[in-house]
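Colleague: I am attaching a structure below and will ask some questions about it afterwards.
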Amino acid sequence: MNALNIADYMQTLGAQAKAASAHTARAPAAVKNKALRTLAALLRQNAPALQQANQRDLERAAASGLTGPLLDRLKLGAKDLETVALGCEQLATMPDVIGEITGMKEQPSGIRVGQMRVPIGVFGMIYESRPNVTIEAASLAIKSGNACILRGGSEAIESNKALAALVQQALAESGLPADAVQLVATTDREAVGELIAMPKYVDVIIPRGGKGLIERISAGAKVPVIKHLDGNCHTYVDDPCDLEMAVKIADNAKTQKYSPCNASESLLVAAGVAGDFLPRIGVVYAAKGVEMRACPEALRILATVVPGKLLKPATEQDWFEEYLAPIISVKVVAGVDAAIAHINHYSSHHTEAILTRDHMHAQQFLREVDSSSVMVNASTRFADGFEYGLGAEIGISTDKFHARGPVGIEGLTSLKYVVLGQGEVRS
């Protein structure tokens, strides 16, 4: 497919999405929920075929040299399929916010003014590796009354085609236009350039992937972009804290899975508990092969329990780093004020957690840390649309306008003012 054909192809997808969005915007809740439940059933029924398609992607990716966390992101196992199926069902049980009117107030003139929640229209989704994003994006588009154009990574093309076919089957069987969810079938990068430059058809672009991808999309887009560039998440162990709980959470936040953007990449420890806490977590991390890049004080304490090959001095860049690997930066700080200052300077404003017994410290952390998710005594790995009860997420936004944090149904909607009168005129 040459550049001219790709431009025509993308324009066709855009026109079809725009037409479909008019239908999905007015679809009754029962119809949208039927499509979601049908999709969940199809995912379970077709699990073996989906995993066969995914295996072809995995074999091709491995042959091209993809390894470690990058290859892990591509896997579509039975647990992954069940999670996205459950996400569809969870969305189906949630209230339909489209058409909801809030804040209705009568004005001195007699008119009543409120706001109605409406779909955005058409969103374009550009993502790498994880094929489960195809279902998360599609299910949220259905529930929020939007249409979407999906462009997954070339490494997952077989998986994404198989998943998108089931989405369109579920839409058609439920009486919704199949074009409400379309997958870009070409892996040519020219298609991305066209997708992000179609304001006539596309209302917002949502990139989900590595920092390089998101920077390129943000620089070239001619439509608004909902984005986060990286996930340099922090776990801060406070003084006082429950040491057993802190070890458990700090372990989970880093090692439960290394590749997601909500895994903790930096561990901050209050000086008052560092001598007790660091040897405990050091033993845990070392047993799992996690490399620790530490400040001088943390190095001194960890050196008593951690093998030298897993312990290195931290550089300035380490405090900014999103590793997506069994590596974590470790720093001893004076206390909660120093922790907050460090986080607000170095973090990517994704997700941060405080582990503490001090209620006032917890409240200060919640108020002053400038990130899209802030947690008390919980693992940063919970920063996820499904875990937040959103049914699914289309991504995590670290922007401050429109949508922030996991982007679920409401993040894919807008508000318009509605005015109700009884013959009032302005004097």
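We label chains A, B, ... in the order they appear in the structure tokens, count residues from 1 in each chain, and number ligands from 1 in the order shown.
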Which residues of stretch 102-214 of chain A come within 9 Å of stretch 219-223 of chain A, and for each one, what is the closest pair of atoms and their distance in Å to one decimal, counting only C-alpha atoms, sorted by chain and residue number, as a tab-separated table?

Modeller:
```
residue	atom	partner	partner_atom	distance
A:Gly193	CA	A:Gly220	CA	7.5
A:Leu195	CA	A:Ala221	CA	8.6
A:Ile196	CA	A:Ala221	CA	4.8
A:Ala197	CA	A:Lys222	CA	4.9
A:Met198	CA	A:Lys222	CA	7.1
A:Pro199	CA	A:Val223	CA	5.7
A:Val202	CA	A:Val223	CA	7.3
A:Asp203	CA	A:Val223	CA	6.4
A:Val204	CA	A:Val223	CA	5.8
A:Ile205	CA	A:Val223	CA	6.7
A:Ile214	CA	A:Ala219	CA	8.5
```

Colleague: So how far away is atom CA of A:His361 from atom CA of A:Lys400, in Å?

Modeller: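 For atom CA of A:Lys400 relative to atom CA of A:His361, the distance reads 24.5 Å.
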
Colleague: Quick one: which stretch 72-158 of chain A residues come within 12 Å of stretch 226-250 of chain A, and what is the nearest atom pair for each with the distance in Å to one decimal, counting only C-alpha atoms, rows ordered by chain and ascending number, as CSV?

Modeller:
```
residue,atom,partner,partner_atom,distance
A:Phe123,CA,A:Ile226,CA,10.1
A:Gly124,CA,A:Ile226,CA,10.4
A:Met125,CA,A:Ile226,CA,9.9
A:Ile126,CA,A:Lys227,CA,10.8
A:Tyr127,CA,A:Lys227,CA,11.4
```

Colleague: Next, the residues of the selection above should be written as a PDB file, in the first residue's frame with C-alpha atoms.

Modeller:
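Now in selection13.pdb:
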```pdb
ATOM      1  CA  PHE A 123     -10.942   8.850  19.316  1.00  0.00           C
ATOM      2  CA  GLY A 124      -7.822   7.426  17.754  1.00  0.00           C
ATOM      3  CA  MET A 125      -5.789   5.004  19.835  1.00  0.00           C
ATOM      4  CA  ILE A 126      -2.124   4.317  19.043  1.00  0.00           C
ATOM      5  CA  TYR A 127      -0.457   1.676  21.177  1.00  0.00           C
TER       6      TYR A 127
END
```

Colleague: So which residues of stretch 156-191 of chain A fall under helix (DSSP H, G or I) by DSSP, listed as a PyMOL selection string?

Modeller: chain A and resi 156-173+178-180+190-191

Colleague: Deliver the residues from the most recent selection as a file, using N, CA, C and O atoms, as a compact mmCIF listing (two decimals), in the first residue's frame.

Modeller:
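After the write, selection_4.txt holds the following:
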```txt
# COMPACT_ATOMS: atom_id res chain seq x y z
N ALA A 156 2.12 -6.96 17.19
CA ALA A 156 0.91 -7.63 17.69
C ALA A 156 -0.20 -7.70 16.65
O ALA A 156 -1.36 -7.88 16.99
N ILE A 157 0.16 -7.57 15.38
CA ILE A 157 -0.86 -7.42 14.34
C ILE A 157 -1.81 -8.61 14.25
O ILE A 157 -3.02 -8.44 14.08
N GLU A 158 -1.30 -9.83 14.38
CA GLU A 158 -2.17 -11.01 14.27
C GLU A 158 -3.16 -11.07 15.45
O GLU A 158 -4.35 -11.34 15.27
N SER A 159 -2.65 -10.81 16.65
CA SER A 159 -3.51 -10.80 17.84
C SER A 159 -4.58 -9.72 17.71
O SER A 159 -5.77 -9.96 17.99
N ASN A 160 -4.18 -8.53 17.30
CA ASN A 160 -5.11 -7.41 17.22
C ASN A 160 -6.19 -7.62 16.17
O ASN A 160 -7.35 -7.27 16.37
N LYS A 161 -5.81 -8.20 15.03
CA LYS A 161 -6.81 -8.49 14.00
C LYS A 161 -7.85 -9.48 14.51
O LYS A 161 -9.06 -9.31 14.27
N ALA A 162 -7.39 -10.51 15.20
CA ALA A 162 -8.32 -11.53 15.72
C ALA A 162 -9.26 -10.92 16.77
O ALA A 162 -10.46 -11.21 16.79
N LEU A 163 -8.72 -10.07 17.65
CA LEU A 163 -9.54 -9.44 18.68
C LEU A 163 -10.52 -8.45 18.06
O LEU A 163 -11.71 -8.42 18.44
N ALA A 164 -10.06 -7.65 17.11
CA ALA A 164 -10.93 -6.65 16.49
C ALA A 164 -12.08 -7.30 15.73
O ALA A 164 -13.20 -6.77 15.70
N ALA A 165 -11.83 -8.45 15.13
CA ALA A 165 -12.89 -9.16 14.42
C ALA A 165 -14.01 -9.57 15.39
O ALA A 165 -15.21 -9.48 15.05
N LEU A 166 -13.64 -9.99 16.60
CA LEU A 166 -14.65 -10.35 17.60
C LEU A 166 -15.42 -9.11 18.07
O LEU A 166 -16.63 -9.18 18.32
N VAL A 167 -14.73 -7.99 18.19
CA VAL A 167 -15.41 -6.75 18.59
C VAL A 167 -16.47 -6.39 17.55
O VAL A 167 -17.61 -6.07 17.90
N GLN A 168 -16.09 -6.43 16.28
CA GLN A 168 -17.05 -6.06 15.24
C GLN A 168 -18.21 -7.06 15.16
O GLN A 168 -19.35 -6.68 14.89
N GLN A 169 -17.92 -8.32 15.45
CA GLN A 169 -18.99 -9.32 15.50
C GLN A 169 -19.97 -9.00 16.62
O GLN A 169 -21.19 -9.06 16.43
N ALA A 170 -19.45 -8.65 17.79
CA ALA A 170 -20.31 -8.32 18.93
C ALA A 170 -21.14 -7.07 18.65
O ALA A 170 -22.33 -7.02 19.01
N LEU A 171 -20.56 -6.09 18.01
CA LEU A 171 -21.31 -4.87 17.67
C LEU A 171 -22.45 -5.19 16.71
O LEU A 171 -23.59 -4.77 16.93
N ALA A 172 -22.14 -5.94 15.66
CA ALA A 172 -23.16 -6.28 14.66
C ALA A 172 -24.29 -7.11 15.27
O ALA A 172 -25.48 -6.85 14.99
N GLU A 173 -23.92 -8.07 16.10
CA GLU A 173 -24.95 -8.93 16.72
C GLU A 173 -25.84 -8.16 17.68
O GLU A 173 -26.95 -8.59 17.98
N ALA A 178 -20.73 -1.93 12.98
CA ALA A 178 -19.43 -2.57 13.16
C ALA A 178 -18.29 -1.55 13.03
O ALA A 178 -17.24 -1.70 13.64
N ASP A 179 -18.53 -0.50 12.25
CA ASP A 179 -17.49 0.52 12.05
C ASP A 179 -17.27 1.40 13.28
O ASP A 179 -16.39 2.27 13.25
N ALA A 180 -18.02 1.16 14.35
CA ALA A 180 -17.79 1.92 15.58
C ALA A 180 -16.42 1.60 16.17
O ALA A 180 -15.86 2.42 16.91
N GLU A 190 3.08 5.28 7.98
CA GLU A 190 2.39 6.42 7.36
C GLU A 190 0.96 6.53 7.86
O GLU A 190 0.40 7.62 7.92
N ALA A 191 0.39 5.40 8.23
CA ALA A 191 -1.00 5.40 8.71
C ALA A 191 -1.13 6.20 10.01
O ALA A 191 -2.14 6.87 10.24
```

Colleague: Excluding same-chain residues fewer than 6 positions from stretch 74-77 of chain A, what lies within 7 Å of it counting only C-alpha atoms, as a PyMOL selection string?

Modeller: chain A and resi 51+54+58+129-131+156

Colleague: Suppose you want the space between atom CA of A:Leu70 and atom CA of A:Ser259; what is it in Å?

Modeller: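 Value for the atom CA of A:Leu70-atom CA of A:Ser259 distance: 7.4 Å.
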
Colleague: Applying 10 Å and only C-alpha atoms, which residues near stretch 402-405 of chain A remain after dropping the ones on its own chain fewer than 3 positions away? List them as a list of chain:residue names.

Modeller: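 Using only C-alpha atoms, the neighbours found are A:Ile226, A:Lys227, A:His228, A:His349, A:His350, A:Thr351, A:Ser371, A:Ser372, A:Ser373, A:Val374, A:Ala383, A:Asp384, A:Gly385, A:Glu393, A:Gly395, A:Ile396, A:Ser397, A:Thr398, A:Asp399, A:Gly408, A:Glu410, A:Gly411, A:Leu412, A:Thr413, A:Ser414.
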
Colleague: Which residues come within 12 Å of A:Ala17, counting only C-alpha atoms, excluding same-chain residues fewer than 2 positions away, as a PyMOL selection string?

Modeller: chain A and resi 10-15+19-25+121-124+141+145-150+177-184+195+198+200-203

Colleague: Identify, on the basis of only C-alpha atoms, every residue whose closest approach to stretch 271-284 of chain A does not exceed 12 Å; exclude the query and any residue fewer than 6 positions from it along the same chain; express the result as a compact mmCIF listing (two decimals) with N, CA and C atoms, in the first residue's frame.

Modeller:
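And here is the file that came out, result.txt:
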```txt
# COMPACT_ATOMS: atom_id res chain seq x y z
N TYR A 236 7.30 5.60 49.10
CA TYR A 236 8.01 6.24 50.21
C TYR A 236 7.67 5.53 51.52
N VAL A 237 8.70 5.03 52.20
CA VAL A 237 8.53 4.35 53.49
C VAL A 237 8.77 5.39 54.59
N ASP A 238 7.73 5.70 55.33
CA ASP A 238 7.74 6.81 56.29
C ASP A 238 8.18 6.35 57.68
N ASP A 239 8.50 7.32 58.50
CA ASP A 239 8.77 7.09 59.92
C ASP A 239 7.67 7.83 60.70
N PRO A 240 6.75 7.09 61.35
CA PRO A 240 6.73 5.65 61.62
C PRO A 240 5.99 4.87 60.53
N CYS A 241 6.26 3.56 60.47
CA CYS A 241 5.54 2.69 59.56
C CYS A 241 5.48 1.29 60.14
N ASP A 242 4.60 0.47 59.58
CA ASP A 242 4.54 -0.95 59.90
C ASP A 242 5.55 -1.63 58.99
N LEU A 243 6.68 -2.07 59.55
CA LEU A 243 7.77 -2.59 58.74
C LEU A 243 7.38 -3.81 57.91
N GLU A 244 6.62 -4.71 58.51
CA GLU A 244 6.21 -5.92 57.77
C GLU A 244 5.34 -5.54 56.58
N MET A 245 4.39 -4.63 56.80
CA MET A 245 3.53 -4.17 55.71
C MET A 245 4.36 -3.44 54.66
N ALA A 246 5.30 -2.62 55.09
CA ALA A 246 6.11 -1.84 54.15
C ALA A 246 6.93 -2.76 53.25
N VAL A 247 7.52 -3.81 53.81
CA VAL A 247 8.29 -4.76 53.01
C VAL A 247 7.38 -5.44 51.98
N LYS A 248 6.22 -5.86 52.43
CA LYS A 248 5.27 -6.55 51.54
C LYS A 248 4.86 -5.65 50.38
N ILE A 249 4.53 -4.38 50.68
CA ILE A 249 4.06 -3.47 49.63
C ILE A 249 5.20 -3.05 48.71
N ALA A 250 6.36 -2.73 49.28
CA ALA A 250 7.50 -2.32 48.46
C ALA A 250 7.93 -3.44 47.52
N ASP A 251 7.84 -4.67 47.98
CA ASP A 251 8.15 -5.83 47.15
C ASP A 251 7.14 -5.93 46.00
N ASN A 252 5.86 -5.89 46.32
CA ASN A 252 4.81 -6.02 45.30
C ASN A 252 4.87 -4.89 44.28
N ALA A 253 5.08 -3.67 44.77
CA ALA A 253 5.08 -2.50 43.89
C ALA A 253 6.18 -2.59 42.83
N LYS A 254 7.28 -3.25 43.18
CA LYS A 254 8.38 -3.37 42.22
C LYS A 254 8.37 -4.68 41.45
N THR A 255 8.14 -5.80 42.13
CA THR A 255 8.43 -7.10 41.51
C THR A 255 7.22 -7.88 41.04
N VAL A 290 16.88 -8.21 41.75
CA VAL A 290 16.64 -6.78 41.49
C VAL A 290 17.90 -5.98 41.79
N GLU A 291 18.37 -5.24 40.82
CA GLU A 291 19.54 -4.37 41.02
C GLU A 291 19.11 -3.09 41.74
N MET A 292 19.86 -2.69 42.75
CA MET A 292 19.55 -1.48 43.52
C MET A 292 20.58 -0.40 43.26
N ARG A 293 20.14 0.75 42.81
CA ARG A 293 21.02 1.89 42.55
C ARG A 293 20.74 2.91 43.65
N ALA A 294 21.69 3.06 44.55
CA ALA A 294 21.39 3.70 45.83
C ALA A 294 22.24 4.92 46.11
N GLU A 297 24.06 6.73 51.69
CA GLU A 297 23.58 6.16 52.95
C GLU A 297 22.89 4.82 52.72
N ALA A 298 22.07 4.74 51.68
CA ALA A 298 21.42 3.46 51.36
C ALA A 298 22.45 2.42 50.97
N LEU A 299 23.47 2.82 50.23
CA LEU A 299 24.55 1.88 49.87
C LEU A 299 25.21 1.30 51.10
N ARG A 300 25.50 2.16 52.08
CA ARG A 300 26.16 1.72 53.30
C ARG A 300 25.34 0.68 54.03
N ILE A 301 24.03 0.91 54.13
CA ILE A 301 23.15 -0.02 54.86
C ILE A 301 22.94 -1.31 54.07
N LEU A 302 22.69 -1.19 52.77
CA LEU A 302 22.39 -2.36 51.95
C LEU A 302 23.60 -3.26 51.75
N ALA A 303 24.79 -2.68 51.80
CA ALA A 303 26.01 -3.47 51.56
C ALA A 303 26.17 -4.62 52.53
N THR A 304 25.50 -4.58 53.67
CA THR A 304 25.62 -5.66 54.65
C THR A 304 24.84 -6.91 54.25
N VAL A 305 23.87 -6.76 53.33
CA VAL A 305 23.01 -7.91 52.98
C VAL A 305 22.91 -8.16 51.48
N VAL A 306 23.31 -7.21 50.65
CA VAL A 306 23.10 -7.33 49.20
C VAL A 306 24.42 -7.61 48.50
N PRO A 307 24.47 -8.61 47.60
CA PRO A 307 25.70 -8.89 46.84
C PRO A 307 26.12 -7.67 46.03
N GLY A 308 27.42 -7.48 45.91
CA GLY A 308 27.95 -6.31 45.22
C GLY A 308 27.45 -6.15 43.79
N LEU A 310 24.61 -6.61 42.66
CA LEU A 310 23.26 -6.05 42.62
C LEU A 310 23.17 -4.68 43.28
N LEU A 311 24.30 -4.09 43.61
CA LEU A 311 24.31 -2.82 44.33
C LEU A 311 25.25 -1.85 43.63
N ILE A 328 15.87 -0.78 40.62
CA ILE A 328 15.16 0.24 41.37
C ILE A 328 16.17 1.21 41.98
N SER A 329 15.83 2.48 41.99
CA SER A 329 16.68 3.46 42.68
C SER A 329 16.23 3.55 44.14
N VAL A 330 17.18 3.75 45.04
CA VAL A 330 16.89 3.75 46.48
C VAL A 330 17.56 4.97 47.12
N LYS A 331 16.78 5.72 47.90
CA LYS A 331 17.35 6.91 48.54
C LYS A 331 16.83 7.05 49.96
N VAL A 332 17.71 7.38 50.88
CA VAL A 332 17.33 7.70 52.25
C VAL A 332 17.07 9.20 52.31
N VAL A 333 15.89 9.59 52.85
CA VAL A 333 15.51 11.00 52.96
C VAL A 333 15.24 11.34 54.42
N ALA A 334 15.26 12.62 54.73
CA ALA A 334 15.09 13.04 56.13
C ALA A 334 13.71 12.72 56.66
N GLY A 335 12.69 12.84 55.84
CA GLY A 335 11.32 12.59 56.30
C GLY A 335 10.33 12.93 55.21
N VAL A 336 9.07 13.13 55.59
CA VAL A 336 8.00 13.29 54.62
C VAL A 336 8.18 14.53 53.76
N ALA A 338 10.98 15.99 52.78
CA ALA A 338 12.03 15.71 51.80
C ALA A 338 11.55 14.73 50.74
N ALA A 339 10.75 13.76 51.16
CA ALA A 339 10.21 12.78 50.21
C ALA A 339 9.31 13.47 49.19
N LEU A 355 3.89 4.79 52.76
CA LEU A 355 3.62 3.69 53.69
C LEU A 355 3.90 4.25 55.09
N THR A 356 2.83 4.42 55.88
CA THR A 356 2.98 5.17 57.13
C THR A 356 1.95 4.77 58.16
```

Colleague: Record the distance separating atom CA of A:Gly175 and atom CA of A:Leu42, expressed in Å with one decimal.

Modeller: 15.9 Å

Colleague: Where does DSSP see strand (DSSP E or B) in stretch 129-193 of chain A, if you list the residues as a list in words?

Modeller: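 So the strand (DSSP E or B) residues in stretch 129-193 of chain A would be Ala147, Cys148, Ile149, Leu150, Arg151, Val181, Gln182 and Leu183 of chain A.
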
Colleague: Keeping only N, CA, C and O atoms, write the selected residues to a file as a compact mmCIF listing (two decimals), in the first residue's frame.

Modeller:
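Output file again-v1.txt follows:
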```
# COMPACT_ATOMS: atom_id res chain seq x y z
N ALA A 147 -17.00 6.25 18.87
CA ALA A 147 -16.38 5.36 17.90
C ALA A 147 -14.88 5.51 18.03
O ALA A 147 -14.39 6.52 18.55
N CYS A 148 -14.13 4.50 17.60
CA CYS A 148 -12.68 4.60 17.72
C CYS A 148 -11.98 3.93 16.54
O CYS A 148 -12.53 3.03 15.90
N ILE A 149 -10.78 4.44 16.27
CA ILE A 149 -9.89 3.85 15.27
C ILE A 149 -8.63 3.41 16.02
O ILE A 149 -7.98 4.23 16.67
N LEU A 150 -8.32 2.13 15.96
CA LEU A 150 -7.23 1.56 16.74
C LEU A 150 -6.05 1.22 15.85
O LEU A 150 -6.21 0.59 14.80
N ARG A 151 -4.87 1.65 16.29
CA ARG A 151 -3.65 1.31 15.55
C ARG A 151 -2.66 0.70 16.54
O ARG A 151 -1.99 1.38 17.29
N VAL A 181 -15.88 0.43 15.86
CA VAL A 181 -14.52 0.07 16.28
C VAL A 181 -13.80 -0.49 15.06
O VAL A 181 -14.18 -1.53 14.53
N GLN A 182 -12.77 0.23 14.61
CA GLN A 182 -12.02 -0.19 13.43
C GLN A 182 -10.53 -0.30 13.78
O GLN A 182 -9.99 0.56 14.47
N LEU A 183 -9.91 -1.34 13.30
CA LEU A 183 -8.48 -1.54 13.48
C LEU A 183 -7.77 -1.17 12.19
O LEU A 183 -8.18 -1.59 11.10
```

Colleague: Within 10 Å of A:Gln364, counting only C-alpha atoms, which residues qualify if same-chain residues fewer than 5 places away don't, as number ranges by chain?

Modeller: A: 336-337, 340, 359, 369

Colleague: Pick out the closest residue to A:Gly152 from this set: A:Pro260, A:Gly209, A:Gly421, A:Pro69. Count only C-alpha atoms.

Modeller: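 The closest residue to A:Gly152 is A:Gly209.
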
Colleague: Measuring atom to atom with only C-alpha atoms, identify which of A:Ser174, A:Ile111, A:Thr93, A:Arg37 is nearest to A:Leu390.

Modeller: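 Among the listed residues, the smallest separation from A:Leu390 belongs to A:Thr93.
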
Colleague: Between A:Thr187, A:Gln90, A:Glu215, A:Gln115, single out the one closest to A:Thr102, counting only C-alpha atoms.

Modeller: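 Of A:Thr187, A:Gln90, A:Glu215, A:Gln115, the one nearest A:Thr102 is A:Gln115, counting only C-alpha atoms.
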